[in-house]
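To keep things clear, I will list the structure first and then write my remarks on it.
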Amino acid sequence: GGDLSNLVNGGNMTGTTGLGAGIRLAMTLQRNIMSTARGLVDRNAITRLSHFRYAYLHCSSGGGGGGSSGSRRVVTPNNNASSSQRKDGNDGASSASSHNADRHYHVFAKPLVLTKLAHFLMDMHRENGKWTGTKSRPLVLLAEKPRSNTYMVVGYEYPEEAGNVVRNKFGQNFESAAQSMKGMFWFDSFDSNVVEVAARDVQKFLEQLHYMMETA
């Protein structure tokens with residue numbers, strides 16, 4: 001018989017469609033996650049606070065992660081939860097110039113990928129014993145999206161043991177922090193532990209998040 005991959009959508013391990021392409025994409029993504037995690041650790045780029053750890057992921061390319069379609073809740077001091085389409089910070093005149101940037105988006109500006117990175121970091125440090133016991137903390141990752149001048153922020157709760165399910169409280173904490181300060185925030189309709197924050201507001205948001213958790 002022929003290669004099994006040829007049976008799926010006519011694809012093969014070296015082609016651009018089908019099972020082979022999907023496997024290569026998954027392998028590339030996993031290598032990205034592993035190398036980025038190692039880079040964060042090697043550079044001591046993960047900061048520990050009283051209530052969580054956090055790390056910034058800056059994008060070296062010119063593009064920001066393309067935003068997903070769908071409704072986002074925009075939270076401002078005067079508008080706690082209005083429905084709005086996500087703003088991408090570009091007018092019609094700049095859409096052509098940003099076309100190429102879209103093709104070089106920051107892969108970690110996608111909430112699912114950023115969550116996978118958080119999960120990998122947690123597993124890695126649980127296995128080596130560095131983030132266990134009194135040293136355990138939730139993790140907040142902030143991925144830069146230069147094209148829209150925002151950061152994608154994901155909060156990941158720490159499961160003390162692999163396989164455990166921990167209730168993620170970051171949704172409530174994210175919204176409380178956003179409502180307590182001036183700024184623009186876009187909340188995902190499905191994942192409450194995901195928020196997109198204007199770049200000019202992201203450091204203040206992080207400070208407010210820690211303050212809200214400190215006083216909770």
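Letters A, B, ... mark the chains of the structure tokens in the order given; residue numbers begin at 1 per chain; ligand numbers begin at 1, in order shown.
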
Please list as a JSON list (two decimals) with all heavy atoms, in the first residue's frame every residue within 8 Å of Glu160 (chain A), counting only C-alpha atoms and excluding residues in the same chain fewer than 3 positions away.
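What ended up in selection_14.json:
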[["chain", "number", "residue", "atom", "x", "y", "z"],
["A", 126, "ARG", "N", 7.26, 22.24, 37.11],
["A", 126, "ARG", "CA", 6.73, 21.29, 38.09],
["A", 126, "ARG", "C", 7.64, 20.06, 38.15],
["A", 126, "ARG", "O", 7.94, 19.55, 39.23],
["A", 126, "ARG", "CB", 5.31, 20.85, 37.72],
["A", 126, "ARG", "CG", 4.69, 19.96, 38.78],
["A", 126, "ARG", "CD", 3.45, 19.24, 38.31],
["A", 126, "ARG", "NE", 2.40, 20.15, 37.91],
["A", 126, "ARG", "CZ", 2.04, 20.33, 36.64],
["A", 126, "ARG", "NH1", 2.66, 19.69, 35.67],
["A", 126, "ARG", "NH2", 1.06, 21.14, 36.33],
["A", 132, "THR", "N", 7.00, 24.53, 42.77],
["A", 132, "THR", "CA", 6.13, 23.68, 43.59],
["A", 132, "THR", "C", 6.07, 24.21, 45.01],
["A", 132, "THR", "O", 6.90, 25.03, 45.42],
["A", 132, "THR", "CB", 6.64, 22.23, 43.59],
["A", 132, "THR", "OG1", 7.98, 22.21, 44.13],
["A", 132, "THR", "CG2", 6.63, 21.63, 42.20],
["A", 133, "GLY", "N", 5.09, 23.71, 45.77],
["A", 133, "GLY", "CA", 4.97, 24.10, 47.17],
["A", 133, "GLY", "C", 4.76, 25.59, 47.34],
["A", 133, "GLY", "O", 3.92, 26.20, 46.66],
["A", 136, "SER", "N", 5.00, 27.90, 44.21],
["A", 136, "SER", "CA", 4.02, 27.80, 43.12],
["A", 136, "SER", "C", 3.25, 29.11, 42.98],
["A", 136, "SER", "O", 2.92, 29.77, 43.97],
["A", 136, "SER", "CB", 3.04, 26.65, 43.39],
["A", 136, "SER", "OG", 2.27, 26.91, 44.54],
["A", 164, "ASN", "N", -4.39, 17.61, 37.16],
["A", 164, "ASN", "CA", -5.41, 18.25, 37.99],
["A", 164, "ASN", "C", -6.09, 19.40, 37.25],
["A", 164, "ASN", "O", -5.48, 20.05, 36.41],
["A", 164, "ASN", "CB", -4.80, 18.79, 39.29],
["A", 164, "ASN", "CG", -4.52, 17.69, 40.29],
["A", 164, "ASN", "OD1", -4.77, 16.52, 40.02],
["A", 164, "ASN", "ND2", -3.99, 18.06, 41.44]]

With the cut-off set at 12 Å and counting only C-alpha atoms, tabulate each residue of region 99-201 of chain A with an atom at most that distance from an atom of region 22-41 of chain A, showing the nearest atom pair and its distance in Å to one decimal, ordered by chain and increasing number, as a Markdown table.
| residue | atom | partner | partner_atom | distance |
| --- | --- | --- | --- | --- |
| A:His106 | CA | A:Asn32 | CA | 11.2 |
| A:Val107 | CA | A:Leu29 | CA | 8.6 |
| A:Phe108 | CA | A:Ile33 | CA | 8.7 |
| A:Lys110 | CA | A:Leu29 | CA | 11.9 |
| A:Leu112 | CA | A:Leu29 | CA | 11.5 |
| A:Val113 | CA | A:Ile33 | CA | 8.2 |
| A:Leu114 | CA | A:Ile33 | CA | 8.7 |
| A:Thr115 | CA | A:Ile33 | CA | 10.3 |
| A:Lys116 | CA | A:Ile33 | CA | 7.6 |
| A:Leu117 | CA | A:Ile33 | CA | 5.6 |
| A:Ala118 | CA | A:Ala37 | CA | 8.7 |
| A:His119 | CA | A:Ile33 | CA | 10.0 |
| A:Phe120 | CA | A:Ile33 | CA | 7.6 |
| A:Leu121 | CA | A:Ala37 | CA | 6.3 |
| A:Met122 | CA | A:Ala37 | CA | 10.1 |
| A:Asp123 | CA | A:Ala37 | CA | 11.0 |
| A:Met124 | CA | A:Ala37 | CA | 9.0 |
| A:His125 | CA | A:Val41 | CA | 10.0 |
| A:Lys130 | CA | A:Val41 | CA | 11.6 |
| A:Leu141 | CA | A:Leu40 | CA | 11.0 |
| A:Ala143 | CA | A:Thr36 | CA | 11.8 |

Handout entry: Surrounding residues of Gln208 (chain A) excluding itself and chain neighbours under 4 positions, 8 Å, only C-alpha atoms, as a ChimeraX atom specification
Key = /A:177-178,180-181,204,212

Practice task
Go through A:Asp188, A:Thr47, A:Gln172, A:Phe205 and flag the residue nearest Arg137 (chain A), using only C-alpha atoms for the distances.
Solution key: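 Under the stated criterion, the closest residue is A:Thr47.
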
Practice task
Select, from A:Tyr151, A:Tyr54, A:Phe187, A:Tyr211, the residue with the minimum atom-to-atom distance to Gly171 (chain A), counting only C-alpha atoms.
Solution key: A:Phe187
